[in-house]
file data-v9.tsv (TSV, C-alpha atoms)
chain	number	residue	atom	x	y	z
L	348	MET	CA	7.34	28.63	30.25
L	349	GLY	CA	9.83	26.64	28.13
L	350	ASN	CA	9.79	28.37	24.77
L	351	THR	CA	13.37	27.62	23.69
L	352	PHE	CA	14.59	24.37	22.12
L	353	GLY	CA	18.15	23.21	21.40
L	354	GLN	CA	21.64	23.91	22.74
L	355	LEU	CA	23.87	25.25	19.95
L	356	PHE	CA	21.10	25.69	17.37
L	357	ARG	CA	18.55	27.41	19.61
L	358	VAL	CA	14.98	28.13	18.59
L	359	THR	CA	12.57	30.35	20.53
L	360	THR	CA	8.98	30.63	19.30
L	361	PHE	CA	6.46	33.31	20.26
L	362	GLY	CA	2.85	34.32	19.61
L	363	GLU	CA	-0.70	33.06	20.09
L	364	SER	CA	-3.32	31.58	17.80
L	365	HIS	CA	-5.49	34.72	17.64
L	366	GLY	CA	-2.93	37.38	18.55
L	367	GLY	CA	-1.08	39.65	16.16
L	368	GLY	CA	1.07	36.89	14.78
L	369	ILE	CA	3.46	34.00	15.30
L	370	GLY	CA	7.22	33.98	15.01
L	371	VAL	CA	10.59	32.52	15.87
L	372	VAL	CA	14.07	33.67	16.79
L	373	ILE	CA	16.90	31.33	15.77
L	374	ASP	CA	20.29	31.71	17.42
L	375	GLY	CA	23.41	29.70	16.62
L	376	CYS	CA	22.90	29.41	12.86
L	377	PRO	CA	26.29	29.32	11.08
L	378	PRO	CA	27.07	32.16	8.65
L	379	ARG	CA	27.00	31.94	4.84
L	380	ILE	CA	24.14	29.41	4.59
L	381	ASP	CA	21.97	30.09	1.54
L	382	ILE	CA	18.41	30.88	2.62
L	383	SER	CA	15.50	32.74	1.06
L	384	ASP	CA	11.89	33.58	1.79
L	385	ALA	CA	10.93	30.93	-0.78
L	386	ASP	CA	12.79	28.17	1.09
L	387	ILE	CA	10.84	28.94	4.26
L	388	GLN	CA	7.54	29.63	2.50
L	389	TRP	CA	7.47	26.24	0.80
L	390	GLU	CA	7.58	24.53	4.18
L	391	LEU	CA	4.99	26.90	5.70
L	392	ASP	CA	2.63	26.24	2.80
L	393	ARG	CA	2.71	22.54	3.64
L	394	ARG	CA	1.68	23.35	7.23
L	395	ARG	CA	-0.80	26.19	6.71
L	396	PRO	CA	-4.56	25.86	7.32
L	397	GLY	CA	-7.11	25.78	4.51
L	398	GLN	CA	-4.84	23.89	2.11
L	399	SER	CA	-7.38	21.09	1.49
L	400	LYS	CA	-10.86	19.89	2.38
L	401	LEU	CA	-9.36	17.78	5.20
L	402	THR	CA	-8.02	20.72	7.22
L	403	THR	CA	-9.45	23.62	9.15
L	404	GLN	CA	-10.90	26.18	6.75
L	405	ARG	CA	-9.24	29.11	8.50
L	406	LYS	CA	-7.85	31.15	5.59
L	407	GLU	CA	-4.29	32.12	6.35
L	408	GLU	CA	-1.59	32.76	3.75
L	409	ASP	CA	1.09	32.41	6.45
L	410	ARG	CA	3.46	34.68	4.52
L	411	CYS	CA	6.84	34.72	6.23
L	412	GLU	CA	8.91	37.83	6.80
L	413	ILE	CA	12.61	37.53	7.61
L	414	LEU	CA	13.33	40.41	9.96
L	415	SER	CA	17.00	39.85	10.73
L	416	GLY	CA	20.00	37.59	10.37
L	417	VAL	CA	19.94	37.19	6.57
L	418	PHE	CA	21.62	39.50	4.06
L	419	GLU	CA	21.71	39.09	0.28
L	420	GLY	CA	20.40	35.55	0.56
L	421	LYS	CA	22.92	34.30	3.13
L	422	THR	CA	22.83	33.89	6.88
L	423	LEU	CA	25.03	36.29	8.84
L	424	GLY	CA	25.68	34.13	11.89
L	425	THR	CA	23.57	36.55	13.96
L	426	PRO	CA	20.07	35.83	15.35
L	427	ILE	CA	17.46	35.20	12.66
L	428	ALA	CA	13.96	36.52	13.38
L	429	ILE	CA	10.99	35.38	11.28
L	430	ALA	CA	7.41	36.61	11.69
L	431	VAL	CA	4.04	35.54	10.27
L	432	ARG	CA	0.98	37.76	10.78
L	433	ASN	CA	-2.42	36.35	11.71
L	434	LYS	CA	-4.98	37.52	9.13
L	435	ASP	CA	-8.13	35.43	9.63
L	436	ALA	CA	-8.58	35.20	13.39
L	437	ARG	CA	-12.14	34.94	14.73
L	438	PRO	CA	-11.86	35.25	18.51
L	439	GLU	CA	-15.64	35.62	18.81
L	440	ASP	CA	-15.98	31.91	17.95
L	441	TYR	CA	-14.36	31.07	21.27
L	442	LYS	CA	-16.38	33.20	23.72
L	443	GLU	CA	-18.10	30.18	25.25
L	444	ILE	CA	-14.81	28.55	26.27
L	445	ALA	CA	-13.76	31.68	28.16
L	446	ALA	CA	-15.67	30.12	31.06
L	447	LYS	CA	-15.83	26.45	30.00
L	448	PHE	CA	-12.94	24.01	29.77
L	449	ARG	CA	-12.76	21.94	26.58
L	450	PRO	CA	-12.30	18.22	27.45
L	451	SER	CA	-8.74	16.92	26.83
L	452	HIS	CA	-7.57	20.37	25.75
L	453	ALA	CA	-5.07	22.62	27.52
L	454	ASP	CA	-7.70	25.06	28.80
L	455	TYR	CA	-7.88	23.72	32.36
L	456	THR	CA	-4.19	22.89	32.78
L	457	TYR	CA	-3.00	26.32	31.55
L	458	GLU	CA	-5.37	28.04	33.96
L	459	ALA	CA	-4.29	25.71	36.78
L	460	LYS	CA	-0.63	26.56	36.12
L	461	TYR	CA	-0.78	30.30	35.43
L	462	GLY	CA	-4.10	31.45	36.87
L	463	ILE	CA	-4.83	33.06	33.49
L	464	ARG	CA	-5.16	31.89	29.89
L	465	ASN	CA	-5.81	33.22	26.42
L	466	TRP	CA	-9.03	31.42	25.49
L	467	GLN	CA	-9.07	32.76	21.93
L	468	GLY	CA	-8.39	29.65	19.87
L	469	GLY	CA	-6.31	28.11	22.63
L	470	GLY	CA	-3.71	30.87	22.63
L	471	ARG	CA	-0.20	29.48	23.04
L	472	ALA	CA	-1.47	25.88	23.22
L	473	SER	CA	-2.76	26.10	19.65
L	474	ALA	CA	-0.91	24.16	16.93
L	475	ARG	CA	-0.56	27.52	15.19
L	476	GLU	CA	2.52	27.98	17.40
L	477	THR	CA	4.26	25.39	15.19
L	478	ILE	CA	4.65	27.99	12.42
L	479	GLY	CA	7.86	29.07	14.15
L	480	ARG	CA	9.11	25.50	14.38
L	481	VAL	CA	8.51	24.83	10.68
L	482	ALA	CA	10.24	28.09	9.67
L	483	ALA	CA	13.25	27.19	11.84
L	484	GLY	CA	13.17	23.65	10.46
L	485	ALA	CA	13.55	24.99	6.93
L	486	ILE	CA	16.83	26.62	7.96
L	487	ALA	CA	17.97	23.50	9.84
L	488	LYS	CA	17.40	21.45	6.68
L	489	LYS	CA	19.57	23.85	4.69
L	490	ILE	CA	22.38	23.55	7.24
L	491	LEU	CA	22.17	19.75	7.24
L	492	SER	CA	22.25	19.70	3.42
L	493	THR	CA	25.41	21.81	3.58
L	494	LEU	CA	27.06	19.48	6.09
L	495	TYR	CA	25.93	16.19	4.53
L	496	ALA	CA	25.78	15.89	0.74
L	497	ASP	CA	23.34	12.96	0.85
L	498	PHE	CA	21.05	14.35	3.55
L	499	GLU	CA	17.34	13.77	3.01
L	500	ILE	CA	14.40	13.77	5.41
L	501	VAL	CA	10.91	12.55	4.61
L	502	ALA	CA	7.88	12.17	6.89
L	503	TYR	CA	4.55	10.66	5.85
L	504	VAL	CA	1.27	9.32	7.21
L	505	THR	CA	1.23	5.55	7.78
L	506	GLN	CA	-2.08	5.17	9.60
L	507	ILE	CA	-5.35	7.01	10.18
L	508	HIS	CA	-7.50	5.37	12.85
L	509	GLU	CA	-7.61	1.71	11.72
L	510	VAL	CA	-6.59	2.33	8.09
L	511	ALA	CA	-2.92	1.34	7.75
L	512	ALA	CA	-0.65	1.89	4.75
L	513	LYS	CA	2.14	-0.21	3.27
L	514	ILE	CA	5.19	1.97	2.60
L	515	ASP	CA	8.80	1.12	1.81
L	516	ARG	CA	10.70	3.55	4.03
L	517	SER	CA	13.97	2.86	2.22
L	518	THR	CA	12.74	4.29	-1.07
L	519	VAL	CA	9.93	6.75	-0.24
L	520	LYS	CA	10.51	10.29	-1.54
L	521	MET	CA	9.00	13.69	-0.80
L	522	LYS	CA	7.24	13.76	-4.17
L	523	ASP	CA	5.44	10.51	-3.27
L	524	VAL	CA	4.19	12.04	-0.01
L	525	GLU	CA	2.91	15.22	-1.66
L	526	GLU	CA	0.85	13.42	-4.30
L	527	ASN	CA	-2.32	13.44	-2.19
L	528	ILE	CA	-3.89	15.66	0.47
L	529	VAL	CA	-3.53	13.14	3.31
L	530	ARG	CA	0.26	12.84	2.69
L	531	CYS	CA	0.25	9.05	2.56
L	532	PRO	CA	2.43	7.63	-0.26
L	533	ASP	CA	0.28	4.46	-0.46
L	534	ALA	CA	-2.39	5.60	-2.96
L	535	SER	CA	-4.88	2.88	-2.08
L	536	ALA	CA	-4.67	3.50	1.67
L	537	ALA	CA	-4.72	7.28	1.11
L	538	LYS	CA	-8.07	7.02	-0.65
L	539	LYS	CA	-9.57	5.16	2.33
L	540	MET	CA	-8.02	7.61	4.79
L	541	ILE	CA	-9.50	10.61	2.99
L	542	ALA	CA	-12.96	9.03	2.94
L	543	LEU	CA	-12.72	8.23	6.65
L	544	ILE	CA	-11.62	11.74	7.65
L	545	GLU	CA	-14.45	13.27	5.60
L	546	GLN	CA	-16.99	10.95	7.24
L	547	VAL	CA	-15.75	11.70	10.75
L	548	ARG	CA	-15.69	15.44	10.05
L	549	ASP	CA	-19.29	15.36	8.83
L	550	GLU	CA	-20.24	13.57	12.06
L	551	GLY	CA	-18.63	16.36	14.11
L	552	ASP	CA	-15.95	14.04	15.45
L	553	SER	CA	-12.20	13.55	14.97
L	554	VAL	CA	-9.59	10.80	14.45
L	555	GLY	CA	-5.88	10.29	15.09
L	556	GLY	CA	-3.13	8.22	13.53
L	557	VAL	CA	0.59	7.64	13.02
L	558	THR	CA	3.34	9.39	11.08
L	559	GLU	CA	6.71	7.90	10.25
L	560	CYS	CA	9.87	9.87	9.48
L	561	VAL	CA	13.13	8.75	7.90
L	562	ALA	CA	16.36	10.77	7.77
L	563	ARG	CA	19.01	9.58	5.33
L	564	GLY	CA	22.63	10.57	4.83
L	565	ILE	CA	23.38	11.42	8.47
L	566	ALA	CA	26.94	10.57	9.51
L	567	SER	CA	27.76	8.36	12.46
L	568	GLY	CA	28.68	10.04	15.74
L	569	LEU	CA	25.71	12.37	16.35
L	570	GLY	CA	24.24	12.27	19.84
L	571	GLU	CA	25.55	12.45	23.39
L	572	PRO	CA	25.93	9.70	26.00
L	573	VAL	CA	23.44	9.25	28.82
L	574	PHE	CA	20.91	12.12	28.99
L	575	ASP	CA	21.26	13.78	25.57
L	576	LYS	CA	21.02	10.60	23.54
L	577	LEU	CA	19.91	11.26	19.98
L	578	GLU	CA	16.72	9.23	20.34
L	579	ALA	CA	15.97	10.92	23.68
L	580	ASP	CA	16.14	14.37	22.07
L	581	LEU	CA	14.08	13.17	19.11
L	582	ALA	CA	11.46	11.82	21.53
L	583	LYS	CA	11.32	15.12	23.41
L	584	ALA	CA	11.01	17.03	20.14
L	585	MET	CA	8.17	14.87	18.84
L	586	LEU	CA	6.24	14.76	22.09
L	587	SER	CA	6.39	18.56	22.26
L	588	ILE	CA	4.19	18.72	19.13
L	589	PRO	CA	0.51	19.39	19.94
L	590	ALA	CA	-1.59	16.18	19.94
L	591	ALA	CA	1.47	13.86	19.91
L	592	LYS	CA	1.00	11.02	22.40
L	593	ALA	CA	3.66	8.37	21.66
L	594	PHE	CA	7.09	7.91	20.08
L	595	GLU	CA	9.05	4.86	19.01
L	596	ILE	CA	12.32	4.54	17.11
L	597	GLY	CA	13.51	1.63	15.00
L	598	SER	CA	11.79	-1.60	15.98
L	599	GLY	CA	10.15	0.21	18.89
L	600	PHE	CA	7.61	-1.83	20.82
L	601	ALA	CA	7.98	-4.70	18.33
L	602	ALA	CA	11.39	-5.38	19.91
L	603	THR	CA	9.59	-6.73	22.98
L	604	ARG	CA	8.41	-9.66	20.85
L	605	MET	CA	11.90	-10.48	19.51
L	606	ARG	CA	14.94	-12.27	20.84
L	607	GLY	CA	18.38	-10.68	20.90
L	608	SER	CA	19.49	-12.98	18.10
L	609	GLN	CA	16.65	-11.60	15.96
L	610	HIS	CA	16.93	-7.97	16.98
L	611	ASN	CA	20.70	-7.38	16.84
L	612	ASP	CA	22.02	-5.56	13.76
L	613	PRO	CA	25.15	-7.45	12.57
L	614	PHE	CA	28.03	-5.31	11.29
L	615	GLU	CA	29.57	-5.70	7.86
L	616	MET	CA	31.92	-3.81	5.53
L	617	ARG	CA	30.14	-2.20	2.60
L	618	GLY	CA	31.69	0.31	0.22
L	619	GLY	CA	34.67	0.66	2.52
L	620	LYS	CA	32.45	1.69	5.45
L	621	ILE	CA	31.21	-0.05	8.58
L	622	ARG	CA	27.50	-0.72	8.04
L	623	THR	CA	24.79	-2.96	9.50
L	624	THR	CA	22.96	-5.69	7.61
L	625	THR	CA	19.65	-4.84	9.33
L	626	ASN	CA	18.43	-1.67	11.02
L	627	ASN	CA	16.27	-2.60	13.97
L	628	SER	CA	18.11	0.11	15.91
L	629	GLY	CA	16.60	2.82	13.71
L	630	GLY	CA	20.02	4.31	12.98
L	631	VAL	CA	20.87	5.00	16.64
L	632	GLN	CA	22.90	2.81	19.00
L	633	GLY	CA	23.99	3.84	22.47
L	634	GLY	CA	22.27	7.17	21.87
L	635	ILE	CA	24.59	7.94	18.94
L	636	SER	CA	23.91	7.74	15.19
L	637	ASN	CA	25.57	4.82	13.42
L	638	GLY	CA	25.33	6.05	9.81
L	639	GLU	CA	22.24	4.04	8.88
L	640	ASP	CA	18.86	5.61	8.10
L	641	ILE	CA	17.29	7.13	11.20
L	642	TYR	CA	13.62	6.28	11.33
L	643	PHE	CA	10.89	6.68	13.94
L	644	ARG	CA	7.13	6.90	14.37
L	645	VAL	CA	4.91	9.40	16.18
L	646	ALA	CA	1.33	8.71	17.28
L	647	PHE	CA	-1.18	11.58	17.28
L	648	LYS	CA	-4.44	11.53	19.20
L	649	PRO	CA	-7.77	12.66	17.73
L	650	PRO	CA	-8.06	16.48	17.98
L	651	ALA	CA	-9.70	17.37	21.29
L	652	THR	CA	-11.91	20.12	19.86
L	653	ILE	CA	-14.99	18.51	18.30
L	654	ALA	CA	-18.49	19.69	17.38
L	655	LEU	CA	-20.29	17.02	19.44
L	656	GLU	CA	-21.85	17.92	22.79
L	657	GLN	CA	-19.54	16.98	25.67
L	658	LYS	CA	-19.70	17.19	29.44
L	659	THR	CA	-17.40	19.70	31.12
L	660	VAL	CA	-17.17	22.19	33.97
L	661	THR	CA	-16.80	25.94	34.12
L	662	SER	CA	-14.04	28.02	35.69
L	663	SER	CA	-16.49	28.64	38.55
L	664	LYS	CA	-16.69	24.83	39.07
L	665	GLN	CA	-20.21	24.39	37.71
L	666	GLU	CA	-21.04	21.32	35.57
L	667	ALA	CA	-21.94	22.23	32.01
L	668	GLU	CA	-22.05	21.02	28.41
L	669	LEU	CA	-20.02	22.25	25.47
L	670	ALA	CA	-20.14	21.81	21.69
L	671	ALA	CA	-17.13	23.54	20.19
L	672	ARG	CA	-17.50	26.28	17.63
L	673	GLY	CA	-14.75	27.57	15.37
L	674	ARG	CA	-12.70	25.99	12.60
L	675	HIS	CA	-10.72	22.88	13.47
L	676	ASP	CA	-8.91	19.96	11.85
L	677	PRO	CA	-10.86	16.68	12.07
L	678	CYS	CA	-7.44	14.96	11.86
L	679	VAL	CA	-4.06	16.60	12.45
L	680	LEU	CA	-1.97	14.02	10.59
L	681	PRO	CA	-1.75	15.65	7.10
L	682	ARG	CA	-0.49	18.95	8.57
L	683	ALA	CA	1.64	17.21	11.21
L	684	VAL	CA	3.95	15.77	8.53
L	685	PRO	CA	5.99	18.98	7.93
L	686	ILE	CA	6.05	19.66	11.69
L	687	VAL	CA	7.54	16.22	12.38
L	688	GLU	CA	10.16	16.83	9.70
L	689	ALA	CA	10.97	20.27	11.12
L	690	MET	CA	11.42	19.04	14.69
L	691	ALA	CA	13.61	16.15	13.52
L	692	ALA	CA	15.72	18.59	11.50
L	693	LEU	CA	16.13	20.86	14.55
L	694	VAL	CA	17.43	17.95	16.64
L	695	LEU	CA	19.76	16.64	13.94
L	696	CYS	CA	21.08	20.12	13.17
L	697	ASP	CA	21.77	20.86	16.83
L	698	HIS	CA	23.63	17.58	17.29
L	699	ALA	CA	25.55	18.02	14.03
L	700	LEU	CA	26.83	21.41	15.22
L	701	ARG	CA	27.68	19.93	18.63
L	702	GLN	CA	29.65	17.16	16.92
L	703	GLN	CA	31.51	19.72	14.83
L	704	ALA	CA	32.39	21.63	17.98
L	705	ILE	CA	34.08	18.67	19.69
L	706	LYS	CA	36.06	17.78	16.56
L	707	ARG	CA	37.69	21.21	16.27

call {"tool": "encode", "arguments": {"input": "data-v9.tsv", "output": "structure tokens"}}
result
Amino acid sequence: MGNTFGQLFRVTTFGESHGGGIGVVIDGCPPRIDISDADIQWELDRRRPGQSKLTTQRKEEDRCEILSGVFEGKTLGTPIAIAVRNKDARPEDYKEIAAKFRPSHADYTYEAKYGIRNWQGGGRASARETIGRVAAGAIAKKILSTLYADFEIVAYVTQIHEVAAKIDRSTVKMKDVEENIVRCPDASAAKKMIALIEQVRDEGDSVGGVTECVARGIASGLGEPVFDKLEADLAKAMLSIPAAKAFEIGSGFAATRMRGSQHNDPFEMRGGKIRTTTNNSGGVQGGISNGEDIYFRVAFKPPATIALEQKTVTSSKQEAELAARGRHDPCVLPRAVPIVEAMAALVLCDHALRQQAIKR
């Protein structure tokens, strides 16, 4: 099973939804980077369950514990291990799915691949695995801030089902995103999104949507030709997030409705630097960053686990029906925001270190 991500900045996550805990081992982190429990905890608090009425009501503090690799508030350059204990697991809620496959979930495919699965909360397929990614992302952000003085990364919700927001990606800030529980910086759209999620939750159903992410202050030159293009690694990172179904960078699919004369980003000199007058490329050209803002969107499907009765089959190949029990998000988008940021930071950090290596 592929549990490791990255080349120079390598992240390996471990743990299951209802096991003893979740964690991550980070290898390749440079020494002397300032990091504390508080830096990591702030990010984990944005991801944790039970933080609002829109999320699963599983009560987890998700308190992080740095086990190695940090001494007196600075990284040592050795592997960093971080663990989070599970405190509010209820495996008994999942007894029915021990023999029944939840539609559009990973139950059937995991059993088809391995011949065995942890049915308690989805085991390794649960989004709880992303705790390790978010913890590692907090460290990646610190490294990027050390390398690039103007580095900033912000993700936010732009759409829930058919409710779309109007957001200026060039000016949006983290504080704007965190002003409401749906993490949409358009206050009017956020209000409609919250009402919709509450309605769908009360009906026992779920909805999906779109997040956008913008990374500012990244130098030109990050990314590798051909297979390790920056947008290719960003796409892989985003599509590895549970419930993610689509990725587009820059103009994305809208480029198919434009001509080259409309889509091309003309170069100009600005502040003594080569810049572009437009940014349809999303900050990446030829697979390599060009110094402009890097921005992309990720589409998330409605959560597969819903309270409505659905048709399914059992592991013994008998037709059956299933209405899920347990505590689940009616919409993953609000909690997906810090995960999207974390995965983008992991990619950018890895490529920044790779760029440093070839310049030495």

call {"tool": "atom_distance", "arguments": {"input": "data-v9.tsv", "atom1": "CA of Leu569 (chain L)", "atom2": "CA of Ile635 (chain L)"}}
result
5.3 Å

call {"tool": "residues_around", "arguments": {"input": "data-v9.tsv", "residues": "Glu525 (chain L)", "least_positions_apart": "2", "cutoff": "12 Å", "atoms": "only C-alpha atoms", "output": "number ranges by chain"}}
result
L: 390, 392-393, 501-504, 519-523, 527-534, 537, 681-682, 684-685

call {"tool": "closest_residue", "arguments": {"input": "data-v9.tsv", "among": "L:Ala482, L:Ala692, L:Ala511, L:Val431", "to": "Cys560 (chain L)", "atoms": "only C-alpha atoms"}}
result
L:Ala692

call {"tool": "atom_distance", "arguments": {"input": "data-v9.tsv", "atom1": "CA of Asp454 (chain L)", "atom2": "CA of Lys658 (chain L)"}}
result
14.4 Å

call {"tool": "residues_around", "arguments": {"input": "data-v9.tsv", "residues": "region 368-377 of chain L", "least_positions_apart": "2", "cutoff": "10 Å", "atoms": "all atoms listed in the file", "output": "ChimeraX atom specification"}}
result
/L:350-366,379-380,409,411-416,421-434,436,471,475-483,486-487,490,696-697,700

call {"tool": "residues_around", "arguments": {"input": "data-v9.tsv", "residues": "Ser598 (chain L)", "least_positions_apart": "6", "cutoff": "8 Å", "atoms": "only C-alpha atoms", "output": "VMD selection string"}}
result
chain L and resid 627 to 629

call {"tool": "atom_distance", "arguments": {"input": "data-v9.tsv", "atom1": "CA of Phe574 (chain L)", "atom2": "CA of Ile596 (chain L)"}}
result
16.5 Å

call {"tool": "residues_around", "arguments": {"input": "data-v9.tsv", "residues": "Thr402 (chain L)", "least_positions_apart": "4", "cutoff": "10 Å", "atoms": "all atoms listed in the file", "output": "ChimeraX atom specification"}}
result
/L:395-398,528-529,544-545,548,674-682

call {"tool": "residues_near_point", "arguments": {"input": "data-v9.tsv", "point": "(6.9, 11.5, 10.6)", "cutoff": "12 Å", "atoms": "all atoms listed in the file", "output": "mmCIF file with C-alpha atoms, in the frame of the given file"}}
result
data_model
loop_
_atom_site.group_PDB
_atom_site.id
_atom_site.type_symbol
_atom_site.label_atom_id
_atom_site.label_comp_id
_atom_site.auth_asym_id
_atom_site.auth_seq_id
_atom_site.Cartn_x
_atom_site.Cartn_y
_atom_site.Cartn_z
ATOM 1 C CA ILE L 500 14.400 13.770 5.410
ATOM 2 C CA VAL L 501 10.910 12.550 4.610
ATOM 3 C CA ALA L 502 7.880 12.170 6.890
ATOM 4 C CA TYR L 503 4.550 10.660 5.850
ATOM 5 C CA VAL L 504 1.270 9.320 7.210
ATOM 6 C CA THR L 505 1.230 5.550 7.780
ATOM 7 C CA GLN L 506 -2.080 5.170 9.600
ATOM 8 C CA ARG L 516 10.700 3.550 4.030
ATOM 9 C CA MET L 521 9.000 13.690 -0.800
ATOM 10 C CA VAL L 524 4.190 12.040 -0.010
ATOM 11 C CA ARG L 530 0.260 12.840 2.690
ATOM 12 C CA CYS L 531 0.250 9.050 2.560
ATOM 13 C CA GLY L 556 -3.130 8.220 13.530
ATOM 14 C CA VAL L 557 0.590 7.640 13.020
ATOM 15 C CA THR L 558 3.340 9.390 11.080
ATOM 16 C CA GLU L 559 6.710 7.900 10.250
ATOM 17 C CA CYS L 560 9.870 9.870 9.480
ATOM 18 C CA VAL L 561 13.130 8.750 7.900
ATOM 19 C CA ALA L 562 16.360 10.770 7.770
ATOM 20 C CA LEU L 581 14.080 13.170 19.110
ATOM 21 C CA ALA L 582 11.460 11.820 21.530
ATOM 22 C CA ALA L 584 11.010 17.030 20.140
ATOM 23 C CA MET L 585 8.170 14.870 18.840
ATOM 24 C CA LEU L 586 6.240 14.760 22.090
ATOM 25 C CA ILE L 588 4.190 18.720 19.130
ATOM 26 C CA ALA L 591 1.470 13.860 19.910
ATOM 27 C CA ALA L 593 3.660 8.370 21.660
ATOM 28 C CA PHE L 594 7.090 7.910 20.080
ATOM 29 C CA GLU L 595 9.050 4.860 19.010
ATOM 30 C CA ILE L 596 12.320 4.540 17.110
ATOM 31 C CA ILE L 641 17.290 7.130 11.200
ATOM 32 C CA TYR L 642 13.620 6.280 11.330
ATOM 33 C CA PHE L 643 10.890 6.680 13.940
ATOM 34 C CA ARG L 644 7.130 6.900 14.370
ATOM 35 C CA VAL L 645 4.910 9.400 16.180
ATOM 36 C CA ALA L 646 1.330 8.710 17.280
ATOM 37 C CA PHE L 647 -1.180 11.580 17.280
ATOM 38 C CA LEU L 680 -1.970 14.020 10.590
ATOM 39 C CA PRO L 681 -1.750 15.650 7.100
ATOM 40 C CA ARG L 682 -0.490 18.950 8.570
ATOM 41 C CA ALA L 683 1.640 17.210 11.210
ATOM 42 C CA VAL L 684 3.950 15.770 8.530
ATOM 43 C CA PRO L 685 5.990 18.980 7.930
ATOM 44 C CA ILE L 686 6.050 19.660 11.690
ATOM 45 C CA VAL L 687 7.540 16.220 12.380
ATOM 46 C CA GLU L 688 10.160 16.830 9.700
ATOM 47 C CA ALA L 689 10.970 20.270 11.120
ATOM 48 C CA MET L 690 11.420 19.040 14.690
ATOM 49 C CA ALA L 691 13.610 16.150 13.520
ATOM 50 C CA ALA L 692 15.720 18.590 11.500
#

call {"tool": "residues_around", "arguments": {"input": "data-v9.tsv", "residues": "Phe614 (chain L)", "least_positions_apart": "5", "cutoff": "9 Å", "atoms": "all atoms listed in the file", "output": "list of chain:residue names"}}
result
L:Ile621, L:Arg622, L:Thr623, L:Thr624, L:Thr625

call {"tool": "closest_residue", "arguments": {"input": "data-v9.tsv", "among": "L:Gln546, L:Ser492, L:Ser473, L:Ser451", "to": "Leu401 (chain L)", "atoms": "all atoms listed in the file"}}
result
L:Gln546

call {"tool": "closest_residue", "arguments": {"input": "data-v9.tsv", "among": "L:Asp575, L:Val660, L:Phe600, L:Val510", "to": "Ile541 (chain L)", "atoms": "all atoms listed in the file"}}
result
L:Val510

call {"tool": "axis_aligned_box", "arguments": {"input": "data-v9.tsv", "around": "region 363-377 of chain L", "padding_each_side": "6 Å", "output": "AutoDock Vina command-line options"}}
result
--center_x 10.4 --center_y 34.5 --center_z 15.6 --size_x 43.8 --size_y 22.3 --size_z 21.0

call {"tool": "closest_residue", "arguments": {"input": "data-v9.tsv", "among": "L:Lys576, L:Arg617, L:Lys592, L:Arg449", "to": "Thr652 (chain L)", "atoms": "only C-alpha atoms"}}
result
L:Arg449

call {"tool": "closest_residue", "arguments": {"input": "data-v9.tsv", "among": "L:Gly597, L:Gly630, L:Gly638, L:Pro649", "to": "Gly564 (chain L)", "atoms": "only C-alpha atoms"}}
result
L:Gly638

call {"tool": "closest_residue", "arguments": {"input": "data-v9.tsv", "among": "L:Ile565, L:Ala512, L:Ala474, L:Ala704", "to": "Glu499 (chain L)", "atoms": "all atoms listed in the file"}}
result
L:Ile565

call {"tool": "build_atoms", "arguments": {"input": "data-v9.tsv", "residues": "region 586-596 of chain L", "atoms": "N, CA and C atoms", "output": "PDB file, in the frame of the given file"}}
result
ATOM      1  N   LEU L 586       7.300  14.682  21.095  1.00  0.00           N
ATOM      2  CA  LEU L 586       6.240  14.760  22.090  1.00  0.00           C
ATOM      3  C   LEU L 586       5.916  16.185  22.499  1.00  0.00           C
ATOM      4  N   SER L 587       6.711  17.150  22.030  1.00  0.00           N
ATOM      5  CA  SER L 587       6.390  18.560  22.260  1.00  0.00           C
ATOM      6  C   SER L 587       5.406  19.087  21.223  1.00  0.00           C
ATOM      7  N   ILE L 588       5.140  18.309  20.178  1.00  0.00           N
ATOM      8  CA  ILE L 588       4.190  18.720  19.130  1.00  0.00           C
ATOM      9  C   ILE L 588       2.768  18.555  19.661  1.00  0.00           C
ATOM     10  N   PRO L 589       1.896  19.537  19.480  1.00  0.00           N
ATOM     11  CA  PRO L 589       0.510  19.390  19.940  1.00  0.00           C
ATOM     12  C   PRO L 589      -0.133  18.119  19.404  1.00  0.00           C
ATOM     13  N   ALA L 590      -0.836  17.403  20.259  1.00  0.00           N
ATOM     14  CA  ALA L 590      -1.590  16.180  19.940  1.00  0.00           C
ATOM     15  C   ALA L 590      -0.720  14.934  19.840  1.00  0.00           C
ATOM     16  N   ALA L 591       0.616  15.044  19.937  1.00  0.00           N
ATOM     17  CA  ALA L 591       1.470  13.860  19.910  1.00  0.00           C
ATOM     18  C   ALA L 591       1.356  13.119  21.239  1.00  0.00           C
ATOM     19  N   LYS L 592       1.203  11.804  21.174  1.00  0.00           N
ATOM     20  CA  LYS L 592       1.000  11.020  22.400  1.00  0.00           C
ATOM     21  C   LYS L 592       1.998   9.873  22.568  1.00  0.00           C
ATOM     22  N   ALA L 593       2.719   9.476  21.523  1.00  0.00           N
ATOM     23  CA  ALA L 593       3.660   8.370  21.660  1.00  0.00           C
ATOM     24  C   ALA L 593       4.754   8.465  20.608  1.00  0.00           C
ATOM     25  N   PHE L 594       5.920   7.883  20.955  1.00  0.00           N
ATOM     26  CA  PHE L 594       7.090   7.910  20.080  1.00  0.00           C
ATOM     27  C   PHE L 594       7.779   6.560  20.149  1.00  0.00           C
ATOM     28  N   GLU L 595       8.214   6.048  19.008  1.00  0.00           N
ATOM     29  CA  GLU L 595       9.050   4.860  19.010  1.00  0.00           C
ATOM     30  C   GLU L 595      10.045   4.948  17.856  1.00  0.00           C
ATOM     31  N   ILE L 596      11.266   4.471  18.107  1.00  0.00           N
ATOM     32  CA  ILE L 596      12.320   4.540  17.110  1.00  0.00           C
ATOM     33  C   ILE L 596      12.764   3.134  16.735  1.00  0.00           C
TER      34      ILE L 596
END
